[in-house]
Amino acid sequence: MSTQANIGAEQRNIDERDVSIEAFCVTKADYYAPIFERYQRGQLPRWHMNIWAVIAPWLWSAWRGVWLMFWISLAIDVIAVVCLMQVVKFTPLLAEAQLDPDANTTLISRYTNWINTYGTIGWAVLILGRLWMGSQANRWYYDLYNRWRIEPSVAHGVSPKRLGLGVLIILICSPITTYRATQLRLDERACFNQVRATESVESLLAQYHQVPDVPALSTAVREDAAAAQARFDQLDAISDRTAEQNTARSAARSEARDLGRSAGLVEEYLAISKRDRFDCFFIDDFPTLARLDPPEDVTYRRVTDEDGITEVVAQVKPPVEGRKVTLFTYSAESIDISINWLRASFAGAFDAMTNVLRQSLIRVEVAFMQTPWPVVAFLFLVLSWTYTGMGTTAFVASSLAFLALFELWQIAMQTMALVVVSTAVCVFVGLPIGIWMAKNKIARFITEPILDVMQTIPSLSYLVPAVAFFGISQPPAVLATVVFAMPPMIKLTALGIRQVPESTKEAALAFGASER
Amino acid sequence: MSDAVVEIDGVWKIFGDRADEAMAAIRADGIGKAEVLERFQAVVGVKDASFKVDEGEVFCLMGLSGSGKSTLVRHINRLIEPTAGSVRILGEDIGKMRQDALRALRGTKIGMVFQNMALLPHRSVRDNIGFALELRGMDAYHCAQLADQALETVSLHGYGDRLPSELSGGMQQRVGLARALAADPEILLMDEPFSALDPLIRRNLQDEFLGLSENLKKTTVFITHDLDEAIRMGDRIGIMKDGEIVQIGTAEDIVTAPADDYVADFVAGISRLKLVSAAKIMVSPEEYQARRKPIEMAMEHPEAAPEDDLDTLVELSTHSDLPVLIKSDGALVGVVDKNTLLHGLQGSADE
């Protein structure tokens, strides 16, 4: 009776599961249902494979929504293709070297070696990777099925839209990567020369507005150059030239030279193939070489007039004639100018902060440096003795001895003052921010990434702007220490507050505490 | 105004972002829990609960976990805002109170004990107990004095300087109780105070609390999932199921006349010996004489009062073959013979 009931229940479970697999797979559920069951029972052999996942793993996974597999299989295939493309890249080079085998023995052995190694690795990665994908596909698909059962919004079924997205990703990534793998590293000058040639062609086109296209321009420039050369030759032939003729002669010579150079550039421009342009634009570096007009050069200065009123005066420098800058220089100069503006506009605030820091530093430094060394040393020892114990006290004693013996005492006291002030700043600024962060979701959302960045940049890189705003000496050092030490302070404060158990908060409320 | 200390009237609590819409739909169409969940992604926590607690009474709210009893009790000090309905404490509608008045009410009129104690781990036992007083602005000296008195009340004299983590679970809960008592509130809310303790300590604390409440006469709302506890502690019991109060009555009412199968199931395992009184099972003398034989008044019948429990009747019956006569003020009001008694014990007396 009871076994029958059990069998009934089991049948019901199986039915339910089959229905859910069908809802999950949408198509070919009759193929996946028994596989899932065998996998559950631990009876799926290691070599079991999904044939579609072997043939086109990225297409299959996009179609079925197994995105993890999509990315892994794409990465494997890209690695394999890049290796195989090395073979394509080096084979013509090898052929070229073999034209003169005696002179190129090293090259030939090197190329042969590379071709063999990359070829083997490429094929191995491709074949082993596909086999791995094939055997893994249904297992990952089963994991996805399990996640879908918990969270119905997880990708399921089959979707042409997902397939389209997968194909789009492959189209954007693969061709250019594959092409790149067949190319040697670009010559940096080549791209620069391209930009230069393009620029001069543009300015020449502006001069020769009657010519219809660049080849015509080339002829026109060549003709002008020849004309100038002819004029020069004619003048040069005269044995006793007047001063006037001399001037005309050198003018003709330099004109001929300039035009010759321009003609060279135009020819260079004409020689630039589409592929060269493509290489410079998409391969290796981001194309910052594009020439732009520089940003307006403004200097901001604080000026105090007779009435003692200070205001910020902007001085605009006229631009240098014909100066063009790259995208990089443009961005850098813009930032320079805005920092300049900040410094001039908020000089009061920066000075005030510097002053507060400096004054407190001086006070603390006086306390540490002018107290006789035996007193300071004794206080340190007593403090460590009372608050910790024997071990720490011994360590402190030896550290103090080291500082004293190596004439570092005064410097150490200075550093000590710096640490004390930095700690104070950290506490006064960090604690409120920490509490705010714990109480306010938006605050946390904004502050957390900033804190992460603060913790990860090396101190040298924020020391430079700090010096720009606060000048050299101790205050920027305090600032650097604060930037370094504050994130943990804020984060731990917020964490501590957030970790107060809900029930404790409730109890406090129940006894008449306020919400905050 | 009524003299009820706590008066809850038609309280609904619906959890979810669209609680108000769900409430309106319930009012308009009378939709059920499942439909509320489906249409508004909202969960009905408390469903139309109403009860009153009189001064000095211990009112037990009993139900399984998830039945909404803890949610309901938190409406009494407005830790949870009701979606609909009103809560009156000492005649005042606390739904309309401003925040500071509410805080004052919580600090002075209502003490609460939690299942997981919820003591502040960084404060000594004494400071924990004095917490509500301190929030009220009382000076440290008086705080400490009152806290020590409260400690004495829960027989933890001398533990004031310990940290909560140094005490056992039972002792911690005594501290929780002392904290609730320290401000001398009129109302005590006990949210499963003894559930997390082992049975022996639980029994101890129950006895102690009964003794205390005898002396202090605090109006108490006591939450429990244990029917035995509810019967021991409560003057009246409210049984909750799925957010709804299904029956309110004395332990005897509930045991002898369960409102539905759910309650009947609950009380099935309860010993009736101490709960059911003679009045509930006795047969009137006329009926007895009609069915059986006349009572021979000359013989020496055992006698009992109507409010005596079954335990007493069993005790009397064992010493005599004759039925027990139930007399009130000397007048014969009923008869209990052995059959009636056995029926009564089994729970099928008034079928």
# chains A, B, ... in the order shown; residues from 1 in each chain; ligands from 1
>>> select_by_dssp(residues="range 93-186 of chain B", states="helix (DSSP H, G or I)", output="VMD selection string")
chain B and resid 94 to 96 99 to 108 125 to 129 131 to 135 140 to 153 164 to 166 169 to 182
>>> write_last_selection(atoms="C-alpha atoms", output="PDB file, in the first residue's frame")
ATOM      1  CA  ILE B  94      -1.707  55.781  19.222  1.00  0.00           C
ATOM      2  CA  GLY B  95      -2.078  55.884  15.439  1.00  0.00           C
ATOM      3  CA  LYS B  96      -2.598  59.626  15.745  1.00  0.00           C
ATOM      4  CA  GLN B  99       6.679  60.764  17.202  1.00  0.00           C
ATOM      5  CA  ASP B 100       7.851  62.283  20.482  1.00  0.00           C
ATOM      6  CA  ALA B 101       4.624  61.419  22.287  1.00  0.00           C
ATOM      7  CA  LEU B 102       4.931  57.894  20.953  1.00  0.00           C
ATOM      8  CA  ARG B 103       8.500  57.636  22.206  1.00  0.00           C
ATOM      9  CA  ALA B 104       7.394  58.836  25.618  1.00  0.00           C
ATOM     10  CA  LEU B 105       4.618  56.242  25.620  1.00  0.00           C
ATOM     11  CA  ARG B 106       7.049  53.479  24.745  1.00  0.00           C
ATOM     12  CA  GLY B 107       9.482  54.642  27.393  1.00  0.00           C
ATOM     13  CA  THR B 108       7.021  54.992  30.255  1.00  0.00           C
ATOM     14  CA  VAL B 125      23.338  44.439  32.806  1.00  0.00           C
ATOM     15  CA  ARG B 126      22.543  47.445  34.963  1.00  0.00           C
ATOM     16  CA  ASP B 127      22.902  49.885  32.078  1.00  0.00           C
ATOM     17  CA  ASN B 128      20.730  47.656  29.932  1.00  0.00           C
ATOM     18  CA  ILE B 129      17.983  47.683  32.511  1.00  0.00           C
ATOM     19  CA  PHE B 131      18.180  52.025  29.223  1.00  0.00           C
ATOM     20  CA  ALA B 132      14.575  53.220  29.000  1.00  0.00           C
ATOM     21  CA  LEU B 133      15.037  55.386  32.081  1.00  0.00           C
ATOM     22  CA  GLU B 134      18.176  56.912  30.646  1.00  0.00           C
ATOM     23  CA  LEU B 135      16.386  57.694  27.382  1.00  0.00           C
ATOM     24  CA  ALA B 140      22.539  58.070  36.338  1.00  0.00           C
ATOM     25  CA  TYR B 141      22.120  57.709  40.087  1.00  0.00           C
ATOM     26  CA  HIS B 142      18.389  57.064  39.970  1.00  0.00           C
ATOM     27  CA  CYS B 143      18.773  54.901  36.889  1.00  0.00           C
ATOM     28  CA  ALA B 144      21.168  52.649  38.731  1.00  0.00           C
ATOM     29  CA  GLN B 145      18.930  52.504  41.786  1.00  0.00           C
ATOM     30  CA  LEU B 146      15.814  51.564  39.875  1.00  0.00           C
ATOM     31  CA  ALA B 147      17.806  49.082  37.808  1.00  0.00           C
ATOM     32  CA  ASP B 148      19.089  47.398  40.949  1.00  0.00           C
ATOM     33  CA  GLN B 149      15.546  47.211  42.292  1.00  0.00           C
ATOM     34  CA  ALA B 150      14.392  45.590  39.074  1.00  0.00           C
ATOM     35  CA  LEU B 151      17.289  43.151  39.271  1.00  0.00           C
ATOM     36  CA  GLU B 152      16.181  42.250  42.762  1.00  0.00           C
ATOM     37  CA  THR B 153      12.657  41.649  41.483  1.00  0.00           C
ATOM     38  CA  PRO B 164      24.970  40.218  29.022  1.00  0.00           C
ATOM     39  CA  SER B 165      27.273  37.757  27.245  1.00  0.00           C
ATOM     40  CA  GLU B 166      28.505  36.519  30.617  1.00  0.00           C
ATOM     41  CA  GLY B 169      20.119  32.326  28.454  1.00  0.00           C
ATOM     42  CA  GLY B 170      17.679  32.130  31.334  1.00  0.00           C
ATOM     43  CA  MET B 171      19.471  34.875  33.211  1.00  0.00           C
ATOM     44  CA  GLN B 172      19.589  37.032  30.114  1.00  0.00           C
ATOM     45  CA  GLN B 173      15.859  36.714  29.734  1.00  0.00           C
ATOM     46  CA  ARG B 174      15.439  37.729  33.373  1.00  0.00           C
ATOM     47  CA  VAL B 175      17.471  40.801  32.530  1.00  0.00           C
ATOM     48  CA  GLY B 176      15.148  41.380  29.585  1.00  0.00           C
ATOM     49  CA  LEU B 177      12.203  41.158  31.944  1.00  0.00           C
ATOM     50  CA  ALA B 178      13.884  43.459  34.455  1.00  0.00           C
ATOM     51  CA  ARG B 179      14.500  45.961  31.666  1.00  0.00           C
ATOM     52  CA  ALA B 180      10.813  45.890  30.785  1.00  0.00           C
ATOM     53  CA  LEU B 181       9.837  46.292  34.464  1.00  0.00           C
ATOM     54  CA  ALA B 182      12.356  48.969  35.424  1.00  0.00           C
TER      55      ALA B 182
END
>>> interface_residues(of="chain A", to="chain B", cutoff="6 Å", atoms="only C-alpha atoms", output="NGL selection string")
:A and (503-504 or 510-512)
>>> write_last_selection(atoms="N, CA and C atoms", output="short mmCIF file (atom, residue, chain, number, x, y, z; two decimals), in the first residue's frame")
data_model
loop_
_atom_site.label_atom_id
_atom_site.label_comp_id
_atom_site.auth_asym_id
_atom_site.auth_seq_id
_atom_site.Cartn_x
_atom_site.Cartn_y
_atom_site.Cartn_z
N SER A 503 17.05 43.07 15.61
CA SER A 503 16.29 42.90 16.86
C SER A 503 16.76 43.88 17.92
N THR A 504 18.07 44.18 17.93
CA THR A 504 18.58 45.14 18.91
C THR A 504 18.02 46.53 18.63
N ALA A 510 11.64 50.07 21.07
CA ALA A 510 10.55 49.71 21.97
C ALA A 510 10.70 50.38 23.33
N PHE A 511 11.94 50.73 23.68
CA PHE A 511 12.12 51.40 24.97
C PHE A 511 12.23 52.90 24.83
N GLY A 512 11.78 53.39 23.69
CA GLY A 512 11.64 54.83 23.57
C GLY A 512 12.81 55.55 22.93
#
>>> atom_distance(atom1="CA of Ser218 in chain A", atom2="CA of Lys274 in chain A")
18.9 Å
>>> closest_residue(among="B:Glu7, B:Glu208, B:Asp228, B:Glu287", to="Arg272 in chain B", atoms="only C-alpha atoms")
B:Asp228
>>> residues_around(residues="range 155-157 of chain A", least_positions_apart="3", cutoff="10 Å", atoms="only C-alpha atoms", output="list in words")
Ile21, Glu22, Ala23, Phe24, Cys25, Val26, Thr27, Ala29, Trp63, Arg64, Gly65, Val66, Trp67, Tyr141, Leu144, Tyr145, Arg147, Trp148, Glu151, Pro152 and Arg162 of chain A
